[in-house]
>>> print(open('coords30.csv').read())   # CSV, C-alpha atoms and all ligand atoms
chain,number,residue,atom,x,y,z
A,1,MET,CA,69.4,-51.9,-4.4
A,2,LYS,CA,66.3,-50.1,-5.6
A,3,ASN,CA,64.1,-53.0,-4.5
A,4,VAL,CA,65.6,-53.1,-1.0
A,5,ASN,CA,65.0,-49.4,-0.7
A,6,PHE,CA,61.4,-49.8,-1.9
A,7,LYS,CA,60.8,-52.6,0.5
A,8,GLN,CA,62.4,-50.6,3.3
A,9,GLU,CA,60.2,-47.7,2.4
A,10,LEU,CA,57.1,-49.9,2.6
A,11,VAL,CA,58.2,-51.2,6.0
A,12,ASN,CA,58.9,-47.7,7.2
A,13,ILE,CA,55.9,-45.9,5.8
A,14,SER,CA,53.0,-48.4,5.7
A,15,PRO,CA,52.1,-48.6,9.4
A,16,LEU,CA,52.2,-44.9,9.7
A,17,SER,CA,50.2,-44.4,6.5
A,18,PHE,CA,47.5,-46.9,7.4
A,19,LYS,CA,47.2,-45.3,10.8
A,20,GLY,CA,47.0,-41.9,8.9
A,21,VAL,CA,44.2,-43.2,6.6
A,22,PHE,CA,42.2,-44.7,9.4
A,23,GLY,CA,42.7,-41.6,11.4
A,24,GLU,CA,41.4,-39.6,8.5
A,25,LEU,CA,38.4,-41.9,8.1
A,26,GLU,CA,37.5,-41.7,11.8
A,27,TYR,CA,38.0,-37.9,11.6
A,28,LEU,CA,35.7,-37.7,8.5
A,29,ASP,CA,33.2,-40.1,10.0
A,30,GLY,CA,33.2,-38.0,13.1
A,31,ASN,CA,32.8,-34.8,11.1
A,32,LEU,CA,29.9,-36.3,9.1
A,33,LYS,CA,28.2,-37.3,12.4
A,34,LEU,CA,28.8,-33.8,13.7
A,35,LEU,CA,27.4,-32.3,10.4
A,36,ARG,CA,24.4,-34.6,10.6
A,37,SER,CA,23.6,-33.6,14.1
A,38,VAL,CA,24.0,-29.9,13.3
A,39,ILE,CA,21.6,-30.3,10.3
A,40,ASP,CA,19.2,-32.4,12.4
A,41,GLY,CA,19.2,-29.9,15.3
A,42,SER,CA,18.8,-26.9,13.1
A,43,PHE,CA,15.8,-24.7,13.7
A,44,SER,CA,15.3,-24.5,10.0
A,45,HIS,CA,13.4,-27.2,8.1
A,46,ILE,CA,16.0,-28.8,5.8
A,47,ILE,CA,15.2,-31.3,3.1
A,48,ILE,CA,17.2,-32.9,0.2
A,49,THR,CA,15.4,-34.0,-2.9
A,50,ASP,CA,16.3,-35.6,-6.2
A,51,ILE,CA,15.9,-33.5,-9.3
A,52,ASP,CA,12.2,-34.1,-9.5
A,53,GLY,CA,11.6,-33.1,-6.0
A,54,HIS,CA,11.3,-36.5,-4.4
A,55,ILE,CA,12.4,-36.2,-0.8
A,56,LEU,CA,15.6,-38.2,0.1
A,57,TYR,CA,16.4,-36.6,3.4
A,58,ALA,CA,14.4,-34.6,5.9
A,59,ASN,CA,15.7,-33.1,9.2
A,60,LYS,CA,13.9,-33.0,12.6
A,61,SER,CA,12.6,-29.4,12.2
A,62,SER,CA,10.9,-30.4,9.0
A,63,GLU,CA,8.9,-32.9,11.0
A,64,GLU,CA,8.0,-30.2,13.6
A,65,ILE,CA,7.1,-27.5,11.1
A,66,THR,CA,5.1,-29.6,8.6
A,67,GLY,CA,3.7,-32.1,11.1
A,68,PHE,CA,4.6,-35.0,8.8
A,69,SER,CA,7.0,-37.7,10.0
A,70,LYS,CA,10.2,-38.5,8.1
A,71,GLU,CA,8.6,-41.8,7.0
A,72,GLU,CA,5.7,-39.9,5.6
A,73,MET,CA,7.9,-37.5,3.7
A,74,ILE,CA,10.6,-39.7,2.2
A,75,GLY,CA,9.8,-40.5,-1.4
A,76,LYS,CA,7.0,-37.8,-1.6
A,77,THR,CA,7.4,-34.3,-2.9
A,78,PRO,CA,7.0,-31.1,-0.9
A,79,ALA,CA,3.6,-30.8,-2.4
A,80,LEU,CA,2.6,-32.8,0.7
A,81,TRP,CA,2.5,-29.5,2.6
A,82,GLY,CA,2.6,-27.1,-0.4
A,83,LYS,CA,0.1,-26.4,-3.2
A,84,GLN,CA,-1.2,-23.3,-1.5
A,85,MET,CA,0.4,-20.8,-3.9
A,86,PRO,CA,-0.8,-19.7,-7.4
A,87,ASN,CA,0.5,-21.9,-10.3
A,88,ALA,CA,2.6,-19.0,-11.6
A,89,PHE,CA,4.6,-19.1,-8.4
A,90,TYR,CA,5.5,-22.8,-8.8
A,91,GLU,CA,6.3,-22.2,-12.5
A,92,ASN,CA,8.7,-19.5,-11.7
A,93,PHE,CA,10.1,-21.6,-8.8
A,94,TRP,CA,11.0,-24.5,-11.1
A,95,ASN,CA,12.2,-22.3,-13.9
A,96,THR,CA,14.7,-20.6,-11.5
A,97,ILE,CA,16.0,-23.9,-10.2
A,98,LYS,CA,15.8,-26.3,-13.2
A,99,ARG,CA,16.2,-24.0,-16.2
A,100,ASP,CA,18.3,-21.2,-14.7
A,101,LYS,CA,20.1,-23.5,-12.2
A,102,LYS,CA,19.9,-20.6,-9.7
A,103,ASP,CA,18.9,-20.4,-6.0
A,104,PHE,CA,15.2,-19.6,-5.4
A,105,ILE,CA,14.7,-17.3,-2.5
A,106,GLY,CA,11.2,-16.2,-1.5
A,107,ASN,CA,8.3,-16.4,0.9
A,108,ILE,CA,5.7,-19.1,0.6
A,109,VAL,CA,2.5,-20.2,2.3
A,110,ASN,CA,2.3,-23.9,3.1
A,111,GLN,CA,-0.1,-26.2,5.0
A,112,ARG,CA,0.8,-28.3,8.1
A,113,LYS,CA,-0.6,-31.8,8.4
A,114,ASN,CA,-3.3,-30.6,10.8
A,115,GLY,CA,-4.6,-28.2,8.1
A,116,GLU,CA,-3.1,-25.0,9.6
A,117,LEU,CA,-1.5,-22.6,7.1
A,118,TYR,CA,1.9,-21.2,7.8
A,119,GLU,CA,4.3,-18.7,6.2
A,120,ALA,CA,7.9,-19.6,5.5
A,121,GLU,CA,10.9,-18.0,4.0
A,122,ILE,CA,12.6,-20.5,1.7
A,123,LYS,CA,15.9,-20.9,0.0
A,124,VAL,CA,16.1,-23.7,-2.5
A,125,SER,CA,19.4,-24.5,-4.2
A,126,PRO,CA,20.2,-26.9,-7.0
A,127,MET,CA,23.4,-28.9,-6.4
A,128,LEU,CA,25.4,-29.2,-9.6
A,129,ASP,CA,28.0,-31.8,-10.6
A,130,ASN,CA,31.2,-31.0,-12.6
A,131,ASN,CA,29.2,-30.9,-15.8
A,132,GLY,CA,26.7,-28.5,-14.5
A,133,ASN,CA,23.9,-31.1,-14.2
A,134,ILE,CA,21.6,-31.0,-11.2
A,135,THR,CA,22.2,-33.9,-8.9
A,136,PHE,CA,20.2,-32.9,-5.8
A,137,ILE,CA,18.1,-30.0,-4.6
A,138,VAL,CA,18.6,-28.7,-1.1
A,139,ALA,CA,15.7,-26.8,0.4
A,140,LEU,CA,15.8,-24.7,3.6
A,141,GLU,CA,12.6,-23.4,5.1
A,142,LYS,CA,12.2,-21.1,8.1
A,143,ASP,CA,8.7,-20.8,9.7
A,144,ILE,CA,8.1,-17.0,9.8
A,145,THR,CA,4.4,-17.1,10.7
A,146,LYS,CA,4.9,-15.0,13.9
A,147,GLU,CA,7.2,-12.5,12.2
A,148,ALA,CA,4.9,-12.2,9.2
A,149,LYS,CA,2.0,-11.4,11.6
A,150,ILE,CA,4.0,-8.6,13.3
A,151,ASP,CA,5.0,-7.4,9.8
A,152,ARG,CA,1.4,-7.3,8.7
A,153,GLU,CA,0.4,-5.4,11.9
A,154,LYS,CA,3.1,-2.8,11.1
A,155,THR,CA,1.8,-2.5,7.5
A,156,GLU,CA,-1.7,-2.1,8.8
A,157,PHE,CA,-0.5,0.7,11.1
A,158,ILE,CA,1.3,2.4,8.2
A,159,ALA,CA,-1.9,2.1,6.1
A,160,LEU,CA,-4.0,3.6,8.9
A,161,ALA,CA,-1.5,6.4,9.5
A,162,ALA,CA,-1.3,7.2,5.8
A,163,HIS,CA,-5.0,7.2,5.5
A,164,GLU,CA,-5.5,9.5,8.5
A,165,LEU,CA,-2.9,11.9,7.2
A,166,ARG,CA,-4.5,12.2,3.7
A,167,THR,CA,-7.5,14.3,4.7
A,168,PRO,CA,-5.6,17.0,6.8
A,169,LEU,CA,-2.9,17.2,4.1
A,170,THR,CA,-5.5,17.8,1.4
A,171,THR,CA,-7.1,20.6,3.6
A,172,ILE,CA,-3.7,22.2,4.2
A,173,SER,CA,-2.9,22.1,0.5
A,174,LEU,CA,-6.3,23.6,-0.6
A,175,THR,CA,-6.1,26.3,2.1
A,176,ALA,CA,-2.6,27.3,1.0
A,177,GLU,CA,-3.8,27.4,-2.6
A,178,MET,CA,-6.8,29.6,-1.7
A,179,LEU,CA,-4.5,32.0,0.1
A,180,TYR,CA,-2.0,32.0,-2.7
A,181,ARG,CA,-4.6,32.8,-5.3
A,182,GLY,CA,-5.9,35.7,-3.2
A,183,ILE,CA,-9.4,34.1,-2.9
A,184,VAL,CA,-9.6,35.2,0.8
A,185,GLY,CA,-8.0,38.6,0.4
A,186,ASP,CA,-4.9,40.3,-1.0
A,187,ILE,CA,-1.5,38.8,-0.2
A,188,SER,CA,1.9,40.4,-0.5
A,189,LYS,CA,4.4,39.1,-3.1
A,190,GLU,CA,6.7,38.0,-0.3
A,191,ASN,CA,4.0,36.0,1.5
A,192,LYS,CA,2.9,34.5,-1.8
A,193,LYS,CA,6.4,33.0,-2.1
A,194,TYR,CA,6.1,31.4,1.3
A,195,LEU,CA,2.6,30.1,0.5
A,196,LYS,CA,3.9,28.5,-2.7
A,197,THR,CA,6.6,26.7,-0.7
A,198,ILE,CA,4.0,25.4,1.7
A,199,HIS,CA,1.8,24.3,-1.1
A,200,ASP,CA,4.6,22.5,-3.1
A,201,GLU,CA,5.9,20.8,0.0
A,202,VAL,CA,2.5,19.6,1.1
A,203,LYS,CA,1.8,18.3,-2.4
A,204,GLY,CA,5.1,16.3,-2.3
A,205,MET,CA,4.1,14.9,1.1
A,206,ALA,CA,0.6,14.0,-0.2
A,207,LEU,CA,2.2,12.1,-3.1
A,208,MET,CA,4.4,10.2,-0.7
A,209,ILE,CA,1.5,9.4,1.5
A,210,GLU,CA,-0.4,8.1,-1.6
A,211,LYS,CA,2.6,5.9,-2.4
A,212,PHE,CA,2.7,4.5,1.2
A,213,LEU,CA,-1.0,3.8,1.0
A,214,ASP,CA,-0.6,2.0,-2.4
A,215,PHE,CA,2.4,0.0,-1.0
A,216,SER,CA,0.7,-1.0,2.2
A,217,GLN,CA,-2.4,-2.1,0.3
A,218,VAL,CA,-0.2,-4.2,-2.0
A,219,GLU,CA,1.5,-5.7,1.1
A,220,MET,CA,-1.7,-6.5,2.7
A,221,GLY,CA,-3.0,-8.1,-0.5
A,222,LYS,CA,-5.8,-5.5,-0.5
A,223,PHE,CA,-4.6,-3.5,-3.5
A,224,HIS,CA,-7.6,-3.2,-5.6
A,225,ILE,CA,-7.1,-4.7,-9.0
A,226,SER,CA,-9.9,-3.4,-11.2
A,227,ASN,CA,-10.8,-4.6,-14.6
A,228,GLU,CA,-9.7,-1.8,-16.9
A,229,PRO,CA,-8.7,-3.3,-20.2
A,230,ALA,CA,-6.4,-1.2,-22.3
A,231,LYS,CA,-4.2,-1.4,-25.4
A,232,LEU,CA,-0.7,-2.4,-24.4
A,233,PHE,CA,0.5,0.2,-26.9
A,234,ASP,CA,-1.3,3.0,-25.0
A,235,ILE,CA,0.0,1.8,-21.6
A,236,LEU,CA,3.6,1.8,-22.9
A,237,GLU,CA,3.3,5.2,-24.5
A,238,LYS,CA,1.7,6.7,-21.3
A,239,SER,CA,4.4,5.1,-19.1
A,240,VAL,CA,7.2,6.7,-21.2
A,241,SER,CA,5.5,10.0,-21.3
A,242,ASP,CA,4.9,10.1,-17.5
A,243,ILE,CA,8.7,9.7,-16.9
A,244,GLN,CA,9.8,12.3,-19.5
A,245,THR,CA,11.5,14.4,-16.7
A,246,GLN,CA,13.8,11.6,-15.7
A,247,ILE,CA,14.5,10.7,-19.3
A,248,LYS,CA,15.5,14.3,-20.1
A,249,ILE,CA,17.6,14.8,-17.0
A,250,LYS,CA,19.8,11.8,-17.9
A,251,LYS,CA,19.5,12.4,-21.7
A,252,ILE,CA,18.4,8.8,-22.1
A,253,ILE,CA,17.3,7.5,-25.5
A,254,ILE,CA,14.3,5.2,-25.4
A,255,GLU,CA,14.2,2.7,-28.2
A,256,LYS,CA,10.6,1.4,-28.8
A,257,SER,CA,10.7,-2.0,-30.5
A,258,TYR,CA,7.0,-2.6,-30.8
A,259,LYS,CA,4.2,-2.1,-33.3
A,260,LYS,CA,1.1,0.0,-32.8
A,261,ASN,CA,-1.4,-2.9,-33.0
A,262,LEU,CA,-0.3,-4.6,-29.8
A,263,PRO,CA,-2.8,-6.8,-28.0
A,264,ILE,CA,-5.4,-5.5,-25.5
A,265,LEU,CA,-4.6,-6.4,-21.9
A,266,ASN,CA,-7.7,-7.6,-20.1
A,267,THR,CA,-6.6,-6.5,-16.7
A,268,ASP,CA,-5.9,-3.3,-14.7
A,269,LYS,CA,-4.1,-0.8,-16.9
A,270,LYS,CA,-3.1,1.4,-13.9
A,271,VAL,CA,-1.3,-1.5,-12.3
A,272,VAL,CA,0.5,-2.5,-15.6
A,273,GLN,CA,1.6,1.1,-16.0
A,274,MET,CA,3.0,1.1,-12.4
A,275,ILE,CA,5.0,-2.0,-13.2
A,276,ILE,CA,6.4,-0.7,-16.5
A,277,GLU,CA,7.2,2.7,-15.0
A,278,ASN,CA,9.0,1.2,-12.0
A,279,LEU,CA,11.2,-0.9,-14.3
A,280,LEU,CA,11.9,2.0,-16.6
A,281,LEU,CA,12.8,4.3,-13.7
A,282,ASN,CA,15.2,1.7,-12.4
A,283,ALA,CA,16.7,1.3,-15.9
A,284,ILE,CA,17.2,5.1,-16.0
A,285,LYS,CA,18.5,5.3,-12.4
A,286,TYR,CA,21.1,2.5,-12.9
A,287,SER,CA,22.3,3.7,-16.3
A,288,PRO,CA,24.9,6.4,-17.0
A,289,ASN,CA,23.8,9.6,-18.9
A,290,ASN,CA,23.2,9.3,-22.6
A,291,ASN,CA,22.4,5.6,-22.5
A,292,LEU,CA,20.0,3.6,-24.6
A,293,ILE,CA,17.0,1.8,-23.0
A,294,SER,CA,14.9,-0.4,-25.2
A,295,ILE,CA,11.4,-1.6,-24.7
A,296,THR,CA,10.6,-4.7,-26.8
A,297,VAL,CA,7.3,-6.5,-27.1
A,298,GLU,CA,7.0,-10.0,-28.7
A,299,GLU,CA,4.1,-12.3,-29.1
A,300,GLY,CA,4.9,-16.0,-28.6
A,301,GLU,CA,2.6,-19.0,-29.0
A,302,ASN,CA,1.1,-18.8,-25.5
A,303,ASN,CA,2.5,-15.7,-24.0
A,304,LEU,CA,3.2,-12.0,-24.6
A,305,TYR,CA,6.7,-10.9,-23.6
A,306,ILE,CA,7.7,-7.3,-22.6
A,307,ARG,CA,11.4,-6.7,-22.3
A,308,ILE,CA,13.0,-3.6,-20.7
A,309,LYS,CA,16.7,-3.6,-21.4
A,310,ASP,CA,19.4,-1.2,-20.2
A,311,ASN,CA,23.2,-1.0,-20.6
A,312,GLY,CA,23.7,0.2,-17.1
A,313,ILE,CA,25.6,-1.0,-14.0
A,314,GLY,CA,24.0,-4.4,-13.9
A,315,ILE,CA,23.3,-6.5,-10.8
A,316,PRO,CA,26.2,-8.4,-9.2
A,317,GLU,CA,25.7,-12.2,-9.5
A,318,LYS,CA,25.9,-12.8,-5.8
A,319,ASP,CA,23.0,-10.3,-5.2
A,320,GLN,CA,20.7,-11.5,-8.0
A,321,SER,CA,18.7,-14.0,-5.9
A,322,LYS,CA,17.8,-11.4,-3.4
A,323,ILE,CA,16.7,-8.6,-5.8
A,324,PHE,CA,12.9,-9.0,-5.3
A,325,THR,CA,13.1,-9.2,-1.5
A,326,LYS,CA,12.0,-6.3,0.6
A,327,MET,CA,14.4,-3.4,1.1
A,328,PHE,CA,17.3,-5.1,-0.7
A,329,ARG,CA,19.7,-3.0,-2.7
A,330,ALA,CA,22.7,-4.5,-4.5
A,331,GLU,CA,26.2,-3.6,-3.4
A,332,ASN,CA,27.2,-1.7,-6.6
A,333,VAL,CA,24.4,0.9,-6.3
A,334,PHE,CA,26.1,2.5,-3.3
A,335,LYS,CA,29.1,3.3,-5.5
A,336,ILE,CA,27.0,5.5,-7.8
A,337,LYS,CA,25.3,7.2,-4.9
A,338,SER,CA,21.8,6.5,-6.2
A,339,GLU,CA,18.8,7.2,-4.0
A,340,GLY,CA,16.4,4.2,-3.3
A,341,SER,CA,14.5,2.2,-0.8
A,342,GLY,CA,14.8,-1.3,-2.2
A,343,LEU,CA,11.0,-1.5,-2.2
A,344,GLY,CA,10.3,-0.9,-5.9
A,345,LEU,CA,11.0,-4.4,-7.2
A,346,TYR,CA,9.4,-6.1,-4.2
A,347,PHE,CA,6.2,-4.3,-5.0
A,348,VAL,CA,6.6,-4.9,-8.8
A,349,LYS,CA,6.9,-8.6,-8.1
A,350,ASN,CA,3.9,-8.5,-5.8
A,351,LEU,CA,1.8,-6.7,-8.4
A,352,VAL,CA,3.0,-8.9,-11.3
A,353,GLU,CA,1.9,-12.0,-9.3
A,354,GLN,CA,-1.5,-10.4,-8.5
A,355,LEU,CA,-2.1,-9.8,-12.2
A,356,GLY,CA,-1.1,-13.4,-13.0
A,357,PHE,CA,2.0,-12.3,-15.0
A,358,THR,CA,5.6,-13.5,-14.2
A,359,ILE,CA,8.8,-11.5,-14.0
A,360,SER,CA,12.4,-12.5,-14.4
A,361,PHE,CA,15.6,-10.9,-15.4
A,362,ILE,CA,19.1,-11.4,-16.7
A,363,SER,CA,21.9,-9.1,-15.7
A,364,LYS,CA,25.7,-8.8,-15.9
A,365,GLU,CA,27.6,-6.3,-13.8
A,366,ASN,CA,28.8,-3.3,-15.9
A,367,ILE,CA,27.1,-4.7,-19.0
A,368,GLY,CA,23.4,-4.2,-18.3
A,369,THR,CA,20.1,-5.7,-17.2
A,370,THR,CA,17.0,-7.0,-19.0
A,371,PHE,CA,13.7,-7.4,-17.2
A,372,LEU,CA,11.2,-9.8,-18.8
A,373,ILE,CA,7.5,-9.7,-18.1
A,374,THR,CA,5.5,-12.7,-19.3
A,375,ILE,CA,1.8,-12.3,-19.8
A,376,PRO,CA,-0.2,-15.5,-20.4
A,377,ASN,CA,-2.6,-15.6,-23.4
A,378,ASN,CA,-5.7,-15.8,-21.2
A,379,ILE,CA,-5.0,-12.2,-20.1
A,380,TYR,CA,-4.8,-10.5,-23.5
A,381,SER,CA,-6.7,-10.5,-26.7
A,382,SER,CA,-5.5,-9.5,-30.2
A,383,GLY,CA,-5.0,-5.9,-31.1
A,384,PHE,CA,-7.7,-4.7,-33.5
B,1,LIG,P1,15.7,0.9,-5.3
B,1,LIG,O1,15.9,1.2,-6.8
B,1,LIG,O2,14.8,1.9,-4.6
B,1,LIG,O3,17.0,0.6,-4.6
B,1,LIG,P2,14.2,-1.5,-6.2
B,1,LIG,O4,13.5,-2.4,-5.3
B,1,LIG,O5,13.5,-0.9,-7.3
B,1,LIG,O6,14.9,-0.5,-5.2
B,1,LIG,O7,15.5,-2.3,-6.7
B,1,LIG,C1,16.2,-3.1,-5.8
B,1,LIG,C2,17.7,-3.2,-6.3
B,1,LIG,O8,17.7,-3.9,-7.5
B,1,LIG,C3,18.3,-1.8,-6.6
B,1,LIG,O9,18.8,-1.2,-5.4
B,1,LIG,C4,19.4,-2.3,-7.5
B,1,LIG,O10,20.5,-2.8,-6.7
B,1,LIG,C5,18.8,-3.4,-8.3
B,1,LIG,N1,18.3,-3.0,-9.6
B,1,LIG,C6,17.0,-2.9,-10.0
B,1,LIG,N2,16.9,-2.6,-11.2
B,1,LIG,C7,18.1,-2.5,-11.7
B,1,LIG,C8,18.7,-2.1,-13.0
B,1,LIG,N3,17.9,-1.9,-14.1
B,1,LIG,N4,20.0,-2.2,-13.2
B,1,LIG,C9,20.8,-2.4,-12.1
B,1,LIG,N5,20.4,-2.7,-10.8
B,1,LIG,C10,19.0,-2.7,-10.7
>>> encode(input="coords30.csv", output="structure tokens", more="lines below")
Ligand code: ADP
Amino acid sequence: MKNVNFKQELVNISPLSFKGVFGELEYLDGNLKLLRSVIDGSFSHIIITDIDGHILYANKSSEEITGFSKEEMIGKTPALWGKQMPNAFYENFWNTIKRDKKDFIGNIVNQRKNGELYEAEIKVSPMLDNNGNITFIVALEKDITKEAKIDREKTEFIALAAHELRTPLTTISLTAEMLYRGIVGDISKENKKYLKTIHDEVKGMALMIEKFLDFSQVEMGKFHISNEPAKLFDILEKSVSDIQTQIKIKKIIIEKSYKKNLPILNTDKKVVQMIIENLLLNAIKYSPNNNLISITVEEGENNLYIRIKDNGIGIPEKDQSKIFTKMFRAENVFKIKSEGSGLGLYFVKNLVEQLGFTISFISKENIGTTFLITIPNNIYSSGF
């Protein structure tokens, strides 16, 4: 009886199932074709590589953007149109993808087959199997040469405006100070109060203008890096003392895990200090009151490592890949109503790269964040 039923079932079900399966396959095949034509027709350059970067697939836009044909690309690595960035960039790139198994998002300069340089925004993602091993790497690249040019012109305009505003602001500030001090005649107590307000506000504006100037210079790659070697110990001490107000307001405890005889950095001490202060100010801003922030320095075989660790709000995982991009702020900062522009880390990254350092971080939401600056041994020499 059972057998009859089974046979009967087969007779009843088989034709339908086969039709179903073939239908599915046709549907899947159709979908794959559709997907392929979408990828091929995309304005973005898309390539798929193996784990060592050998190109397995390249879409039409990648031919148009790089100038190389698919045949020329397959089996080669993107170095075919790359190799224009400093070594530290590629080191950080591969560390993010292969070691951290995270997406790399950033801007890059590449070279077309005809020798022309172009700027691109890239997102490179490792594809992981069920065991967490990388199987393929998918790279998306968008040619932003035109946008970057407009952006540069905007920055140049900001630099020019900031530069032009600097002189009159200094004059206003000095004049207000002269009047306040009674250098050009007696002044009533009431008027002194107003003059002080003018003076303080103008001073604040002048500082802001200086910041704009610094930022625009960094952005244009014109930020002057001078050679002002200094002891790392002194730089760290000065950074901490410069931000005492913020430390006091939030009653932060700074734990210094470093010795006095730290190496001498053979680079621009002002810039290193800007980097450290930016990271410390963020650590303070994104930590609750009474929290501990630690600064640790370790000397490895080939590198010097500076870590700035906080136990603050952390950076949500989904936002981590965008944290060094211009004007980006993670979702959770809006809950704590913190002020910010999203420019600090963008400039920190830029400065770090100009010095030949690298920067990375690990973070967990509501647990904390640790930023790591790596300084290669050709940039420092032993302490004393
Ligand atoms: P801003 O602090 O002005 O928003 P930044 O460029 O300095 O801009 O930082 C970008 C974003 O990175 C911040 O908005 C915040 O989301 C995140 N971030 C940076 N540092 C920390 C930190 N120590 N802890 C938590 N989030 C941080």
>>> residues_near_ligand(input="coords30.csv", ligand="ligand LIG 1 (chain B)", cutoff="10 Å", atoms="all atoms listed in the file", output="PDB file with C-alpha atoms, in the frame of the given file")
ATOM      1  CA  ASN A 278       9.000   1.200 -12.000  1.00  0.00           C
ATOM      2  CA  LEU A 279      11.200  -0.900 -14.300  1.00  0.00           C
ATOM      3  CA  LEU A 280      11.900   2.000 -16.600  1.00  0.00           C
ATOM      4  CA  LEU A 281      12.800   4.300 -13.700  1.00  0.00           C
ATOM      5  CA  ASN A 282      15.200   1.700 -12.400  1.00  0.00           C
ATOM      6  CA  ALA A 283      16.700   1.300 -15.900  1.00  0.00           C
ATOM      7  CA  ILE A 284      17.200   5.100 -16.000  1.00  0.00           C
ATOM      8  CA  LYS A 285      18.500   5.300 -12.400  1.00  0.00           C
ATOM      9  CA  TYR A 286      21.100   2.500 -12.900  1.00  0.00           C
ATOM     10  CA  SER A 287      22.300   3.700 -16.300  1.00  0.00           C
ATOM     11  CA  ILE A 293      17.000   1.800 -23.000  1.00  0.00           C
ATOM     12  CA  ILE A 308      13.000  -3.600 -20.700  1.00  0.00           C
ATOM     13  CA  LYS A 309      16.700  -3.600 -21.400  1.00  0.00           C
ATOM     14  CA  ASP A 310      19.400  -1.200 -20.200  1.00  0.00           C
ATOM     15  CA  ASN A 311      23.200  -1.000 -20.600  1.00  0.00           C
ATOM     16  CA  GLY A 312      23.700   0.200 -17.100  1.00  0.00           C
ATOM     17  CA  ILE A 313      25.600  -1.000 -14.000  1.00  0.00           C
ATOM     18  CA  GLY A 314      24.000  -4.400 -13.900  1.00  0.00           C
ATOM     19  CA  ILE A 315      23.300  -6.500 -10.800  1.00  0.00           C
ATOM     20  CA  PRO A 316      26.200  -8.400  -9.200  1.00  0.00           C
ATOM     21  CA  ASP A 319      23.000 -10.300  -5.200  1.00  0.00           C
ATOM     22  CA  GLN A 320      20.700 -11.500  -8.000  1.00  0.00           C
ATOM     23  CA  LYS A 322      17.800 -11.400  -3.400  1.00  0.00           C
ATOM     24  CA  ILE A 323      16.700  -8.600  -5.800  1.00  0.00           C
ATOM     25  CA  PHE A 324      12.900  -9.000  -5.300  1.00  0.00           C
ATOM     26  CA  THR A 325      13.100  -9.200  -1.500  1.00  0.00           C
ATOM     27  CA  LYS A 326      12.000  -6.300   0.600  1.00  0.00           C
ATOM     28  CA  MET A 327      14.400  -3.400   1.100  1.00  0.00           C
ATOM     29  CA  PHE A 328      17.300  -5.100  -0.700  1.00  0.00           C
ATOM     30  CA  ARG A 329      19.700  -3.000  -2.700  1.00  0.00           C
ATOM     31  CA  ALA A 330      22.700  -4.500  -4.500  1.00  0.00           C
ATOM     32  CA  GLU A 331      26.200  -3.600  -3.400  1.00  0.00           C
ATOM     33  CA  ASN A 332      27.200  -1.700  -6.600  1.00  0.00           C
ATOM     34  CA  VAL A 333      24.400   0.900  -6.300  1.00  0.00           C
ATOM     35  CA  PHE A 334      26.100   2.500  -3.300  1.00  0.00           C
ATOM     36  CA  SER A 338      21.800   6.500  -6.200  1.00  0.00           C
ATOM     37  CA  GLU A 339      18.800   7.200  -4.000  1.00  0.00           C
ATOM     38  CA  GLY A 340      16.400   4.200  -3.300  1.00  0.00           C
ATOM     39  CA  SER A 341      14.500   2.200  -0.800  1.00  0.00           C
ATOM     40  CA  GLY A 342      14.800  -1.300  -2.200  1.00  0.00           C
ATOM     41  CA  LEU A 343      11.000  -1.500  -2.200  1.00  0.00           C
ATOM     42  CA  GLY A 344      10.300  -0.900  -5.900  1.00  0.00           C
ATOM     43  CA  LEU A 345      11.000  -4.400  -7.200  1.00  0.00           C
ATOM     44  CA  TYR A 346       9.400  -6.100  -4.200  1.00  0.00           C
ATOM     45  CA  PHE A 347       6.200  -4.300  -5.000  1.00  0.00           C
ATOM     46  CA  VAL A 348       6.600  -4.900  -8.800  1.00  0.00           C
ATOM     47  CA  LYS A 349       6.900  -8.600  -8.100  1.00  0.00           C
ATOM     48  CA  PHE A 361      15.600 -10.900 -15.400  1.00  0.00           C
ATOM     49  CA  ILE A 362      19.100 -11.400 -16.700  1.00  0.00           C
ATOM     50  CA  SER A 363      21.900  -9.100 -15.700  1.00  0.00           C
ATOM     51  CA  LYS A 364      25.700  -8.800 -15.900  1.00  0.00           C
ATOM     52  CA  GLU A 365      27.600  -6.300 -13.800  1.00  0.00           C
ATOM     53  CA  ASN A 366      28.800  -3.300 -15.900  1.00  0.00           C
ATOM     54  CA  ILE A 367      27.100  -4.700 -19.000  1.00  0.00           C
ATOM     55  CA  GLY A 368      23.400  -4.200 -18.300  1.00  0.00           C
ATOM     56  CA  THR A 369      20.100  -5.700 -17.200  1.00  0.00           C
ATOM     57  CA  THR A 370      17.000  -7.000 -19.000  1.00  0.00           C
ATOM     58  CA  PHE A 371      13.700  -7.400 -17.200  1.00  0.00           C
TER      59      PHE A 371
END
>>> residues_around(input="coords30.csv", residues="region 66-72 of chain A", least_positions_apart="3", cutoff="12 Å", atoms="all atoms listed in the file", output="PyMOL selection string")
chain A and resi 40+44-48+54-63+75-82+109-120+141-143
>>> atom_distance(input="coords30.csv", atom1="CA of Phe89 (chain A)", atom2="CA of Thr296 (chain A)")
24.1 Å
>>> closest_residue(input="coords30.csv", among="A:Thr167, A:Thr175, A:Thr374, A:Ser360", to="Ala206 (chain A)", atoms="all atoms listed in the file")
A:Thr167
>>> closest_residue(input="coords30.csv", among="A:Glu298, A:Asp129, A:Glu219, A:Glu147", to="Ile373 (chain A)", atoms="only C-alpha atoms")
A:Glu298
>>> closest_atom_pairs(input="coords30.csv", of="region 131-204 of chain A", to="region 209-215 of chain A", cutoff="8 Å", atoms="all atoms listed in the file", output="CSV")
residue,atom,partner,partner_atom,distance
A:Ile158,CA,A:Phe212,CA,7.4
A:Ala159,CA,A:Leu213,CA,5.5
A:Ala162,CA,A:Ile209,CA,5.6
A:His163,CA,A:Leu213,CA,6.9
A:Leu165,CA,A:Ile209,CA,7.6
A:Arg166,CA,A:Ile209,CA,7.0
